[in-house]
Structures are given as C-alpha cells and as structure tokens.
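Asker: My structure is in entry.cif, and what it holds is mmCIF, C-alpha atoms and all ligand atoms:
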data_entry
#
loop_
_atom_site.label_atom_id
_atom_site.label_comp_id
_atom_site.auth_asym_id
_atom_site.auth_seq_id
_atom_site.Cartn_x
_atom_site.Cartn_y
_atom_site.Cartn_z
CA PRO A 1 0.00 0.00 0.00
CA GLN A 2 1.09 3.61 -0.59
CA ASP A 3 1.57 4.28 3.13
CA ALA A 4 4.21 1.47 3.31
CA ALA A 5 6.17 3.11 0.46
CA ALA A 6 5.89 6.52 2.13
CA GLU A 7 6.98 5.11 5.50
CA VAL A 8 9.92 3.20 3.96
CA GLN A 9 11.10 6.36 2.19
CA ALA A 10 10.82 8.43 5.35
CA LEU A 11 12.64 5.84 7.50
CA ARG A 12 15.47 5.57 4.91
CA ALA A 13 15.92 9.35 4.83
CA GLN A 14 15.91 9.52 8.65
CA LEU A 15 18.49 6.71 9.01
CA VAL A 16 20.74 8.22 6.31
CA GLN A 17 20.68 11.57 8.13
CA TRP A 18 21.43 9.98 11.52
CA ALA A 19 24.25 7.88 9.98
CA HIS A 20 25.75 11.03 8.40
CA GLU A 21 25.72 12.79 11.77
CA TYR A 22 27.26 9.76 13.52
CA TYR A 23 29.85 8.55 10.97
CA VAL A 24 30.77 11.69 9.02
CA GLN A 25 30.16 14.59 11.40
CA ASP A 26 31.03 12.55 14.52
CA ALA A 27 28.03 14.32 16.12
CA PRO A 28 25.16 11.82 16.71
CA THR A 29 21.80 13.41 17.60
CA VAL A 30 20.01 10.22 18.75
CA PRO A 31 21.08 7.36 21.04
CA ASP A 32 22.14 4.08 19.36
CA GLY A 33 18.97 2.39 20.66
CA GLU A 34 16.74 4.83 18.77
CA TYR A 35 18.75 4.29 15.56
CA ASP A 36 18.54 0.48 15.98
CA ARG A 37 14.77 0.56 16.65
CA VAL A 38 14.07 2.58 13.46
CA TYR A 39 16.53 0.42 11.48
CA GLN A 40 14.71 -2.76 12.56
CA ARG A 41 11.37 -1.18 11.63
CA LEU A 42 12.73 -0.46 8.12
CA GLU A 43 14.10 -4.01 7.78
CA ALA A 44 10.70 -5.45 8.72
CA LEU A 45 8.88 -3.18 6.23
CA GLU A 46 11.35 -4.00 3.41
CA LYS A 47 10.95 -7.72 4.15
CA ALA A 48 7.15 -7.41 3.98
CA HIS A 49 7.34 -5.30 0.77
CA PRO A 50 10.05 -6.71 -1.55
CA GLU A 51 8.69 -4.47 -4.32
CA LEU A 52 10.13 -1.52 -2.37
CA HIS A 53 13.71 -2.88 -2.59
CA SER A 54 16.39 -0.22 -3.16
CA PRO A 55 20.19 -0.79 -3.32
CA GLU A 56 20.60 2.65 -1.69
CA SER A 57 18.68 1.65 1.43
CA PRO A 58 20.78 1.83 4.64
CA THR A 59 19.92 -1.88 5.07
CA GLN A 60 21.89 -2.76 1.90
CA ARG A 61 25.42 -1.96 3.13
CA VAL A 62 26.53 -5.61 3.20
CA ILE A 63 25.51 -7.51 0.10
CA GLY A 64 26.92 -10.77 1.35
CA ALA A 65 27.70 -12.45 -2.00
CA ILE A 66 31.18 -14.01 -1.97
CA LEU A 67 32.96 -13.16 -5.25
CA GLU A 68 35.12 -15.57 -7.27
CA GLY A 69 37.65 -12.81 -7.90
CA LEU A 70 38.05 -9.06 -8.39
CA THR A 71 37.21 -7.63 -11.85
CA PRO A 72 39.73 -5.28 -13.47
CA VAL A 73 38.37 -1.82 -14.34
CA ARG A 74 40.08 0.77 -16.58
CA HIS A 75 39.85 4.25 -15.04
CA ALA A 76 37.99 6.81 -17.17
CA VAL A 77 40.64 9.31 -15.94
CA PRO A 78 44.03 7.87 -14.88
CA MET A 79 44.59 7.95 -11.12
CA LEU A 80 47.67 10.15 -10.98
CA SER A 81 50.56 9.63 -8.68
CA ILE A 82 51.66 12.82 -7.02
CA ARG A 83 55.22 14.16 -7.08
CA THR A 84 57.07 13.83 -3.80
CA GLU A 85 59.19 16.52 -2.16
CA THR A 86 61.38 15.07 0.58
CA ASP A 87 63.33 18.19 1.63
CA ASN A 88 62.70 19.12 5.22
CA GLU A 89 59.81 21.39 6.01
CA ALA A 90 60.89 24.85 4.98
CA SER A 91 62.96 24.17 1.86
CA GLY A 92 60.47 21.63 0.48
CA ALA A 93 57.57 24.06 0.52
CA GLN A 94 59.72 26.96 -0.70
CA ALA A 95 61.08 24.83 -3.56
CA PHE A 96 57.54 23.98 -4.68
CA ASP A 97 56.37 27.61 -4.49
CA ALA A 98 59.48 28.80 -6.36
CA ARG A 99 58.88 26.24 -9.14
CA ILE A 100 55.21 27.26 -9.47
CA ARG A 101 56.04 30.98 -9.53
CA LYS A 102 58.72 30.36 -12.18
CA GLU A 103 56.38 28.29 -14.37
CA LEU A 104 53.70 30.99 -14.05
CA GLY A 105 56.27 33.64 -14.95
CA LEU A 106 55.65 35.58 -11.72
CA ASP A 107 58.09 38.23 -10.48
CA PRO A 108 59.18 38.44 -6.82
CA GLY A 109 56.98 41.51 -6.38
CA ASP A 110 53.86 39.71 -7.64
CA PRO A 111 51.26 38.61 -5.08
CA PRO A 112 51.60 35.17 -3.39
CA VAL A 113 50.16 32.12 -5.17
CA GLU A 114 47.13 30.68 -3.33
CA TYR A 115 47.41 26.96 -2.49
CA VAL A 116 45.32 24.38 -0.68
CA ALA A 117 47.22 22.43 1.98
CA GLU A 118 45.99 19.10 3.31
CA PRO A 119 47.27 16.05 5.21
CA LYS A 120 48.47 13.11 3.09
CA PHE A 121 46.70 10.00 4.39
CA ASP A 122 48.57 6.71 4.48
CA GLY A 123 45.83 4.42 3.23
CA LEU A 124 44.79 3.25 -0.21
CA ALA A 125 43.48 5.42 -3.01
CA MET A 126 39.93 4.73 -4.16
CA ASN A 127 37.76 5.89 -7.06
CA LEU A 128 34.02 6.12 -6.27
CA ARG A 129 31.78 6.36 -9.35
CA TYR A 130 28.32 7.89 -8.84
CA GLU A 131 25.70 7.90 -11.62
CA ALA A 132 22.57 9.98 -11.08
CA GLY A 133 23.91 10.47 -7.55
CA ARG A 134 24.05 6.72 -6.74
CA LEU A 135 27.22 4.77 -5.98
CA VAL A 136 27.65 2.33 -8.88
CA GLN A 137 31.30 1.31 -8.70
CA ALA A 138 34.34 1.58 -6.44
CA THR A 139 37.78 0.87 -7.92
CA THR A 140 41.25 0.62 -6.40
CA ARG A 141 44.08 2.64 -7.96
CA GLY A 142 45.92 -0.42 -9.34
CA ASP A 143 48.66 0.80 -11.67
CA GLY A 144 46.93 4.15 -12.19
CA GLU A 145 45.33 3.04 -15.47
CA VAL A 146 43.54 -0.16 -14.39
CA GLY A 147 42.32 -0.97 -10.89
CA GLU A 148 40.04 -3.63 -9.34
CA ASP A 149 36.31 -3.44 -8.70
CA VAL A 150 35.80 -3.53 -4.91
CA THR A 151 32.29 -2.04 -4.84
CA HIS A 152 30.92 -4.84 -2.64
CA ASN A 153 33.46 -3.97 0.08
CA ILE A 154 33.35 -0.18 -0.21
CA ARG A 155 29.57 -0.23 0.31
CA THR A 156 30.24 -1.44 3.87
CA ILE A 157 32.06 1.83 4.77
CA ARG A 158 29.44 4.00 6.52
CA GLN A 159 31.43 7.19 5.83
CA ILE A 160 30.89 6.64 2.09
CA PRO A 161 27.38 7.67 0.99
CA LEU A 162 25.44 5.16 -1.17
CA GLN A 163 23.65 8.21 -2.58
CA LEU A 164 24.82 11.83 -2.69
CA ARG A 165 23.13 14.14 -0.15
CA ALA A 166 21.92 16.26 -3.00
CA ASP A 167 19.52 19.07 -2.40
CA ALA A 168 20.75 20.74 -5.59
CA ALA A 169 21.44 19.03 -8.91
CA VAL A 170 24.26 16.49 -9.17
CA PRO A 171 26.35 15.75 -12.31
CA PRO A 172 25.01 12.66 -14.17
CA VAL A 173 28.47 11.08 -13.73
CA LEU A 174 30.68 12.05 -10.80
CA GLU A 175 33.81 10.19 -9.69
CA VAL A 176 35.06 11.05 -6.22
CA ARG A 177 38.63 10.14 -5.26
CA GLY A 178 39.96 9.69 -1.79
CA GLU A 179 41.81 7.50 0.66
CA VAL A 180 40.39 4.47 2.46
CA TYR A 181 42.25 4.07 5.74
CA MET A 182 41.96 2.51 9.20
CA ARG A 183 42.08 4.60 12.36
CA ARG A 184 44.85 3.62 14.81
CA ASP A 185 42.44 2.74 17.62
CA ASP A 186 40.37 0.59 15.23
CA PHE A 187 43.62 -1.04 14.04
CA ASP A 188 44.73 -1.89 17.59
CA ALA A 189 41.28 -3.31 18.42
CA LEU A 190 41.26 -5.38 15.21
CA ASN A 191 44.68 -6.88 16.00
CA ARG A 192 43.57 -7.75 19.53
CA LYS A 193 40.44 -9.41 18.08
CA GLN A 194 42.53 -11.27 15.48
CA GLU A 195 44.96 -12.48 18.14
CA ALA A 196 42.12 -13.66 20.40
CA ALA A 197 40.59 -15.57 17.47
CA GLY A 198 43.94 -17.05 16.43
CA GLY A 199 43.75 -15.10 13.17
CA LYS A 200 46.60 -13.18 11.53
CA THR A 201 47.50 -9.75 12.85
CA PHE A 202 48.50 -6.79 10.69
CA VAL A 203 51.78 -4.90 10.64
CA ASN A 204 50.22 -1.46 10.21
CA PRO A 205 46.83 0.20 9.56
CA ARG A 206 47.56 0.61 5.83
CA ASN A 207 48.09 -3.13 5.36
CA ALA A 208 44.98 -3.90 7.43
CA ALA A 209 42.89 -1.51 5.28
CA ALA A 210 44.30 -2.90 2.02
CA GLY A 211 43.56 -6.46 3.13
CA ALA A 212 39.99 -5.53 4.11
CA VAL A 213 39.28 -3.72 0.83
CA ARG A 214 40.45 -6.64 -1.34
CA GLN A 215 38.38 -9.34 0.41
CA LEU A 216 36.15 -11.48 -1.82
CA ASP A 217 33.62 -11.78 1.02
CA SER A 218 32.12 -8.40 2.01
CA ASN A 219 30.88 -9.92 5.28
CA ILE A 220 34.53 -10.00 6.39
CA THR A 221 35.11 -6.42 5.21
CA ALA A 222 32.02 -5.34 7.16
CA GLN A 223 33.80 -6.56 10.32
CA ARG A 224 36.89 -4.42 9.56
CA PRO A 225 36.52 -0.76 10.71
CA LEU A 226 37.42 1.29 7.61
CA SER A 227 37.27 5.07 7.18
CA PHE A 228 37.46 7.44 4.22
CA PHE A 229 38.57 10.96 3.34
CA ALA A 230 37.72 12.49 -0.06
CA TYR A 231 40.38 14.63 -1.74
CA GLY A 232 39.58 14.98 -5.42
CA LEU A 233 37.64 14.01 -8.50
CA GLY A 234 37.98 11.60 -11.42
CA GLU A 235 35.54 11.78 -14.32
CA VAL A 236 32.84 14.48 -14.13
CA THR A 237 30.19 14.91 -16.82
CA PRO A 238 31.18 17.88 -19.03
CA VAL A 239 29.43 21.11 -18.12
CA ALA A 240 27.68 21.11 -21.54
CA GLN A 241 25.96 17.83 -20.58
CA GLY A 242 24.80 18.98 -17.15
CA GLY A 243 28.10 18.60 -15.28
CA MET A 244 29.52 21.08 -12.82
CA GLN A 245 32.86 22.80 -12.46
CA TRP A 246 34.57 24.70 -9.66
CA ASP A 247 36.93 27.65 -10.04
CA SER A 248 39.10 26.42 -7.16
CA HIS A 249 40.25 23.20 -5.55
CA TYR A 250 38.99 24.44 -2.16
CA ALA A 251 35.48 25.12 -3.52
CA MET A 252 35.42 21.60 -4.97
CA LEU A 253 36.42 20.09 -1.59
CA MET A 254 33.64 22.06 0.14
CA GLN A 255 31.17 20.72 -2.45
CA LEU A 256 32.31 17.16 -1.66
CA ARG A 257 31.70 17.88 2.04
CA ALA A 258 28.21 19.20 1.18
CA TRP A 259 27.45 16.01 -0.77
CA GLY A 260 28.16 14.02 2.40
CA PHE A 261 31.83 12.99 2.05
CA PRO A 262 34.32 13.36 4.89
CA VAL A 263 36.96 15.93 3.92
CA ALA A 264 39.99 16.34 6.19
CA PRO A 265 39.18 18.99 8.81
CA GLN A 266 42.73 20.41 8.53
CA VAL A 267 42.32 21.33 4.84
CA CYS A 268 42.97 25.05 4.39
CA VAL A 269 43.91 27.75 1.89
CA ALA A 270 47.58 28.75 2.20
CA LYS A 271 48.88 31.96 0.62
CA GLY A 272 52.51 31.67 -0.52
CA ALA A 273 55.44 29.58 0.76
CA ASP A 274 55.37 30.91 4.31
CA GLU A 275 51.85 29.57 4.96
CA LEU A 276 52.82 26.22 3.39
CA VAL A 277 55.80 25.99 5.75
CA ALA A 278 53.55 26.86 8.71
CA PHE A 279 51.05 24.18 7.68
CA HIS A 280 53.79 21.56 7.29
CA GLN A 281 55.11 22.38 10.75
CA ARG A 282 51.63 22.42 12.34
CA MET A 283 50.68 19.05 10.84
CA GLY A 284 54.08 17.64 11.81
CA ALA A 285 53.42 18.65 15.42
CA GLU A 286 49.88 17.19 15.38
CA ARG A 287 50.85 14.01 13.53
CA ALA A 288 51.17 11.76 16.59
CA ASN A 289 47.77 12.76 17.94
CA LEU A 290 45.62 12.62 14.79
CA GLY A 291 44.22 9.13 15.41
CA TYR A 292 45.20 8.06 11.87
CA GLU A 293 48.45 7.78 9.91
CA ILE A 294 49.65 10.51 7.61
CA ASP A 295 52.96 10.32 5.76
CA GLY A 296 53.17 13.97 4.76
CA VAL A 297 51.10 16.87 3.53
CA VAL A 298 49.90 17.80 0.04
CA TYR A 299 50.08 21.26 -1.52
CA LYS A 300 47.93 22.08 -4.54
CA VAL A 301 47.55 25.27 -6.52
CA ASN A 302 44.03 26.38 -5.58
CA SER A 303 42.95 28.12 -8.78
CA ARG A 304 41.52 25.73 -11.40
CA ALA A 305 42.55 28.15 -14.15
CA LEU A 306 46.16 28.14 -12.93
CA GLN A 307 46.10 24.33 -12.61
CA LEU A 308 45.06 24.09 -16.28
CA GLU A 309 47.75 26.62 -17.24
CA LEU A 310 50.40 24.55 -15.40
CA GLY A 311 49.11 21.23 -16.74
CA PHE A 312 50.84 17.90 -16.24
CA VAL A 313 54.30 16.46 -16.73
CA SER A 314 54.27 12.76 -17.67
CA ARG A 315 50.80 12.39 -16.11
CA GLU A 316 51.83 13.95 -12.81
CA PRO A 317 50.15 17.28 -12.14
CA ARG A 318 52.69 20.13 -12.13
CA TRP A 319 50.35 21.95 -9.80
CA ALA A 320 50.64 19.50 -6.91
CA VAL A 321 53.32 18.00 -4.70
CA ALA A 322 53.38 15.66 -1.70
CA HIS A 323 55.77 16.92 0.99
CA LYS A 324 56.68 13.82 3.03
CA TYR A 325 57.93 13.54 6.60
CA PRO A 326 60.98 11.37 7.37
CA ALA A 327 59.81 7.77 7.87
CA GLN A 328 58.35 7.50 11.37
CA GLU A 329 60.60 5.55 13.76
CA MET A 330 58.64 2.47 14.79
CA VAL A 331 56.96 3.31 18.06
CA THR A 332 56.80 0.47 20.53
CA ARG A 333 53.10 -0.23 21.15
C1 LIG B 401 46.11 14.34 -7.24
C2 LIG B 401 46.31 13.56 -5.97
C3 LIG B 401 46.87 12.27 -6.00
C4 LIG B 401 47.04 11.57 -4.82
C5 LIG B 401 46.66 12.15 -3.61
C6 LIG B 401 46.80 11.45 -2.37
C7 LIG B 401 46.37 12.06 -1.20
C8 LIG B 401 46.48 11.35 0.12
N1 LIG B 401 47.12 10.17 0.16
O1 LIG B 401 45.97 11.85 1.12
C9 LIG B 401 45.80 13.36 -1.20
C10 LIG B 401 45.67 14.05 -2.40
O2 LIG B 401 45.14 15.28 -2.47
C11 LIG B 401 46.09 13.45 -3.62
N2 LIG B 401 45.92 14.14 -4.80
#
Would you give me this structure, written as structure tokens?
Answerer:
Amino acid sequence: PQDAAAEVQALRAQLVQWAHEYYVQDAPTVPDGEYDRVYQRLEALEKAHPELHSPESPTQRVIGAILEGLTPVRHAVPMLSIRTETDNEASGAQAFDARIRKELGLDPGDPPVEYVAEPKFDGLAMNLRYEAGRLVQATTRGDGEVGEDVTHNIRTIRQIPLQLRADAAVPPVLEVRGEVYMRRDDFDALNRKQEAAGGKTFVNPRNAAAGAVRQLDSNITAQRPLSFFAYGLGEVTPVAQGGMQWDSHYAMLMQLRAWGFPVAPQVCVAKGADELVAFHQRMGAERANLGYEIDGVVYKVNSRALQLELGFVSREPRWAVAHKYPAQEMVTR
C-alpha cells in the first residue's frame, strides 16, 4: 500500500541523516537504541514489501555475496601519482612555491600564489563512481590506469554515501577520489580481536585496510573498521551535458563535504610559501595525535585556471606535490 512506500522512504531518509551525523560529522543526535529501533522497523517493512527494494537503502550496506575474484576496471581518468618533495619542512615548501612561480612567470613583487594544503593519508586510493547520484562502482588505484572493482566492500564503509546528499542538482556522472584508511584505535582493536581468534595480525593500519578492501567476502570487510577521506575528483560529466565545475580546488572540496563525504578537517587555503611551511610544521606537530596515519602533507595550486595553465608532466600534475615527513621511527606499542 502507498503508506508502506511513504513510511519506507521516510525511514530511509531519517536513518541516512542519523548515519551522516554519527559517521561523518562525529556528532550523533540520537542514542544508538533509537537508531537500531528505526533500522529494525525499516528491515521489517522491506521484508514485507520486496517491491520496495532499493540498493541505496541503509539496510543494503553488506551484500553478502562471496565473489570468485576481483574484476579489473580501466579508469575513465588515470589515477595520478603525485610528485614527492622530501626536503625538510621549509625548503620543500619553498622549492615547490618557487617552481610554481617560475612556471607561471611571476616576479618576486607579484602577489603570493594561493594553495590548498591538506594532510596526506597513508591508506589506499579509491575511485568512487556515482551515476545519477548513486554509488555504482568503487575501484582501487591499481597501476593508475587499471584498478580492481571492490564495490561490494566499499559499500560497507558507513562514511561513504550510497547516494549523494543532493539538495541541488548532481552531475550525471561524478567520480570522487579519496583514501580508504583505518584509524589507529580501530587497528589496535582489530589486532587484539585477530589475536584472540587465532587469526593473523596486521603490521600497520595501511596493510589492514588494504587487506579488508580486497576481500572477496564483504561480510569480512564489514567486520573491519574502515574510514574514508575524499580529496579529489575523477571523471565528471562535461558542463555542456549537465556537469559542474569549480573555479578552485577548495570550492570543490567544500562541495564534496556538502554532498556528504568526509573531507579532512585540517584542509585550508595557504597563501605563498610561508603559509605552506607553517602548515607543514603544524601538521608535523599534530601528527602523533591525529588518530590516523599521515605520511606527509599535500600542496595544490588552488585556482583551477592556474592548474590548467600549469598542466601535467608525464601524467603527474605540475600543480601539486606531496611533501613527506621522514619515515616514522617504529613506536613500541
Ligand atoms: C592528485 C592527488 C593524487 C594523490 C593524492 C593522495 C592524497 C592522500 N594520500 O591523502 C591526497 C591528495 O590530495 C592526492 N591528490
């Protein structure tokens, strides 16, 4: 009956909102018991009304089918590697800014170049393809040209929306890129659980996340606590066909946040080399207390127009660099 369809739609919207507050904003507005009660009501209604099935329902996070293998997928837009700058904090950032200013033909008296600075997460890169605002495919980076379809596992990550939170229009095709990672506390808990069950333990959170993402059985992945931060885009429908474009990298990141994706809270606009150096030092000081592993910071020219002017060198963007920290001495746990 119509009232079942209306109730199912309302319950789905309510649960998606509560999950966004809990998993993405880390600011739940209802107790777990209330969420569970409504979730069970939705499950009962969906069971009684199979005609109302929807892959985007919050009840469809774990599909449960065990795959024979992972299917290779060619990226519509290659997943670029990012140049690495290993000089220590000041000179690395200054070298990048000097190169950009030279390539843009700027004189010393010209105004500072505006960058976006962000942490560089030590997880695994992921491409999330949304069509008509719905998650249709998730692909690992692979060799940059061809990755593996891990949609069944990525659907289990509550921080990744199955459907864009779109009040306004969304591009018919939108690929969101970001890093799947495991928080340190989740990693420690997983290793304790693995030890207690006589299973294998993991050397570091990155390995644990990579192992979870490449499982053939998404029920196992659903037991592994994975997280996600969005940092860029892959294919986007051309503007002429209803796509969207942003005049700056920062504006694009804020749009991703509005669509429901976690974007690193530390992301900020940095004017000139001095603010890049300050960011690198600030993140270096915070690194041990972040709750997740970073292996450096990333600087990107903020203006889209300037990015296009700078272009790419052998598929690596000239407008971006990763500024890495010295390898972290192994801390005794
Ligand atoms: C273009 C590009 C490529 C790899 C990246 C990797 C990360 C990262 N590991 O956090 C962040 C970025 O903004 C990236 N941006």
Asker: Please return as a VMD selection string the residues found within 9 Å of ligand LIG 401 (chain B), counting all atoms listed in the file.
Answerer: chain A and resid 79 to 83 117 to 125 177 to 179 229 to 233 294 to 300 316 to 317 320 to 322
Asker: Counting all atoms listed in the file, which residue out of A:Ala76, A:Ala10, A:Ala240, A:Ala258 sits closest to Pro171 in chain A?
Answerer: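 Under the stated criterion, the closest residue is A:Ala240.
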Asker: Got a sec to check which residues sit within 6 Å of (23.6, 16.1, -13.9), counting only C-alpha atoms, and write them as a short mmCIF file (atom, residue, chain, number, x, y, z; two decimals) with C-alpha atoms, keeping the file's coordinate frame?
Answerer:
data_model
loop_
_atom_site.label_atom_id
_atom_site.label_comp_id
_atom_site.auth_asym_id
_atom_site.auth_seq_id
_atom_site.Cartn_x
_atom_site.Cartn_y
_atom_site.Cartn_z
CA VAL A 170 24.26 16.49 -9.17
CA PRO A 171 26.35 15.75 -12.31
CA PRO A 172 25.01 12.66 -14.17
CA GLY A 242 24.80 18.98 -17.15
CA GLY A 243 28.10 18.60 -15.28
#
Asker: For Asn289 in chain A, which residue out of A:Ala90, A:Ala44, A:Thr151, A:Arg184 is the nearest one, using all atoms listed in the file?
Answerer: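 Smallest distance to Asn289 in chain A is found for A:Arg184.
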Asker: By how many Å are CA of Asp217 in chain A and CA of Ala138 in chain A apart?
Answerer: 15.3 Å
Asker: Go through A:Leu226, A:Thr84, A:Gly198, A:Val73 and flag the residue nearest Gly144 in chain A, using all atoms listed in the file for the distances.
Answerer: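 For Gly144 in chain A, the nearest of the given residues is A:Val73.
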Asker: For Tyr181 in chain A, which of A:Gly291, A:Pro58, A:Gly92, A:Gly272 is the closest residue, counting only C-alpha atoms?
Answerer: A:Gly291
Asker: Skip His49 in chain A itself and residues of its chain fewer than 5 positions away, then list as a ChimeraX atom specification all residues within 10 Å of it, counting all atoms listed in the file.
Answerer: /A:1,4-5,8,43-44
Asker: Around the point (41.6, -3.7, 6.0), in the coordinates given by the file, pick out the residues reaching within 10 Å, counting all atoms listed in the file, and return them as a PDB file with C-alpha atoms, in the coordinates of the input.
Answerer:
ATOM      1  CA  GLY A 123      45.830   4.420   3.230  1.00  0.00           C
ATOM      2  CA  LEU A 124      44.790   3.250  -0.210  1.00  0.00           C
ATOM      3  CA  VAL A 180      40.390   4.470   2.460  1.00  0.00           C
ATOM      4  CA  TYR A 181      42.250   4.070   5.740  1.00  0.00           C
ATOM      5  CA  MET A 182      41.960   2.510   9.200  1.00  0.00           C
ATOM      6  CA  PHE A 187      43.620  -1.040  14.040  1.00  0.00           C
ATOM      7  CA  LEU A 190      41.260  -5.380  15.210  1.00  0.00           C
ATOM      8  CA  PHE A 202      48.500  -6.790  10.690  1.00  0.00           C
ATOM      9  CA  ASN A 204      50.220  -1.460  10.210  1.00  0.00           C
ATOM     10  CA  PRO A 205      46.830   0.200   9.560  1.00  0.00           C
ATOM     11  CA  ARG A 206      47.560   0.610   5.830  1.00  0.00           C
ATOM     12  CA  ASN A 207      48.090  -3.130   5.360  1.00  0.00           C
ATOM     13  CA  ALA A 208      44.980  -3.900   7.430  1.00  0.00           C
ATOM     14  CA  ALA A 209      42.890  -1.510   5.280  1.00  0.00           C
ATOM     15  CA  ALA A 210      44.300  -2.900   2.020  1.00  0.00           C
ATOM     16  CA  GLY A 211      43.560  -6.460   3.130  1.00  0.00           C
ATOM     17  CA  ALA A 212      39.990  -5.530   4.110  1.00  0.00           C
ATOM     18  CA  VAL A 213      39.280  -3.720   0.830  1.00  0.00           C
ATOM     19  CA  ARG A 214      40.450  -6.640  -1.340  1.00  0.00           C
ATOM     20  CA  GLN A 215      38.380  -9.340   0.410  1.00  0.00           C
ATOM     21  CA  ILE A 220      34.530 -10.000   6.390  1.00  0.00           C
ATOM     22  CA  THR A 221      35.110  -6.420   5.210  1.00  0.00           C
ATOM     23  CA  ALA A 222      32.020  -5.340   7.160  1.00  0.00           C
ATOM     24  CA  GLN A 223      33.800  -6.560  10.320  1.00  0.00           C
ATOM     25  CA  ARG A 224      36.890  -4.420   9.560  1.00  0.00           C
ATOM     26  CA  PRO A 225      36.520  -0.760  10.710  1.00  0.00           C
ATOM     27  CA  LEU A 226      37.420   1.290   7.610  1.00  0.00           C
ATOM     28  CA  SER A 227      37.270   5.070   7.180  1.00  0.00           C
TER      29      SER A 227
END
Asker: Distance CA of Gly260 in chain A-CA of Arg61 in chain A, one decimal place?
Answerer: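 Computing it gives 16.2 Å between the two atoms.
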Asker: If we count all atoms listed in the file and set the cut-off at 6 Å, which residues sit around Thr140 in chain A, ignoring sequence neighbours fewer than 6 positions away in its own chain? Please answer as number ranges by chain.
Answerer: A: 126, 147-148
Asker: List as a PyMOL selection string the protein and nucleic acid residues near Leu310 in chain A, meaning an atom at most 10 Å away when only C-alpha atoms are counted, but skip any in the same chain fewer than 2 places from it.
Answerer: chain A and resi 100+103-104+301+304-308+312-313+317-320
Asker: Ranking A:Glu114, A:Arg155, A:Gln40, A:Gln9 by minimum distance to Gly64 in chain A and counting only C-alpha atoms, which one comes first?
Answerer: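 Smallest separation from Gly64 in chain A among the options: A:Arg155.
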Asker: Please identify every residue of range 105-210 of chain A that has at least one atom no farther than 12 Å from an atom of range 12-35 of chain A, counting only C-alpha atoms, and for each give the shortest atom pair and the distance in Å to one decimal, arranged by chain then increasing number, as a Markdown table.
Answerer:
| residue | atom | partner | partner_atom | distance |
| --- | --- | --- | --- | --- |
| A:Ile157 | CA | A:Tyr23 | CA | 9.4 |
| A:Arg158 | CA | A:Tyr23 | CA | 6.4 |
| A:Gln159 | CA | A:Tyr23 | CA | 5.5 |
| A:Ile160 | CA | A:Val24 | CA | 8.6 |
| A:Pro161 | CA | A:His20 | CA | 8.3 |
| A:Leu162 | CA | A:Val16 | CA | 9.3 |
| A:Gln163 | CA | A:Val16 | CA | 9.4 |
| A:Leu164 | CA | A:Val16 | CA | 10.5 |
| A:Arg165 | CA | A:Gln17 | CA | 9.0 |
Asker: Just the number, please: distance in Å from CA of Ser248 in chain A to CA of Thr139 in chain A, one decimal.
Answerer: 25.6 Å
Asker: A:Thr201, A:Leu216, A:Ala166, A:Val236: which is nearest Gln255 in chain A, counting only C-alpha atoms?
Answerer: A:Ala166
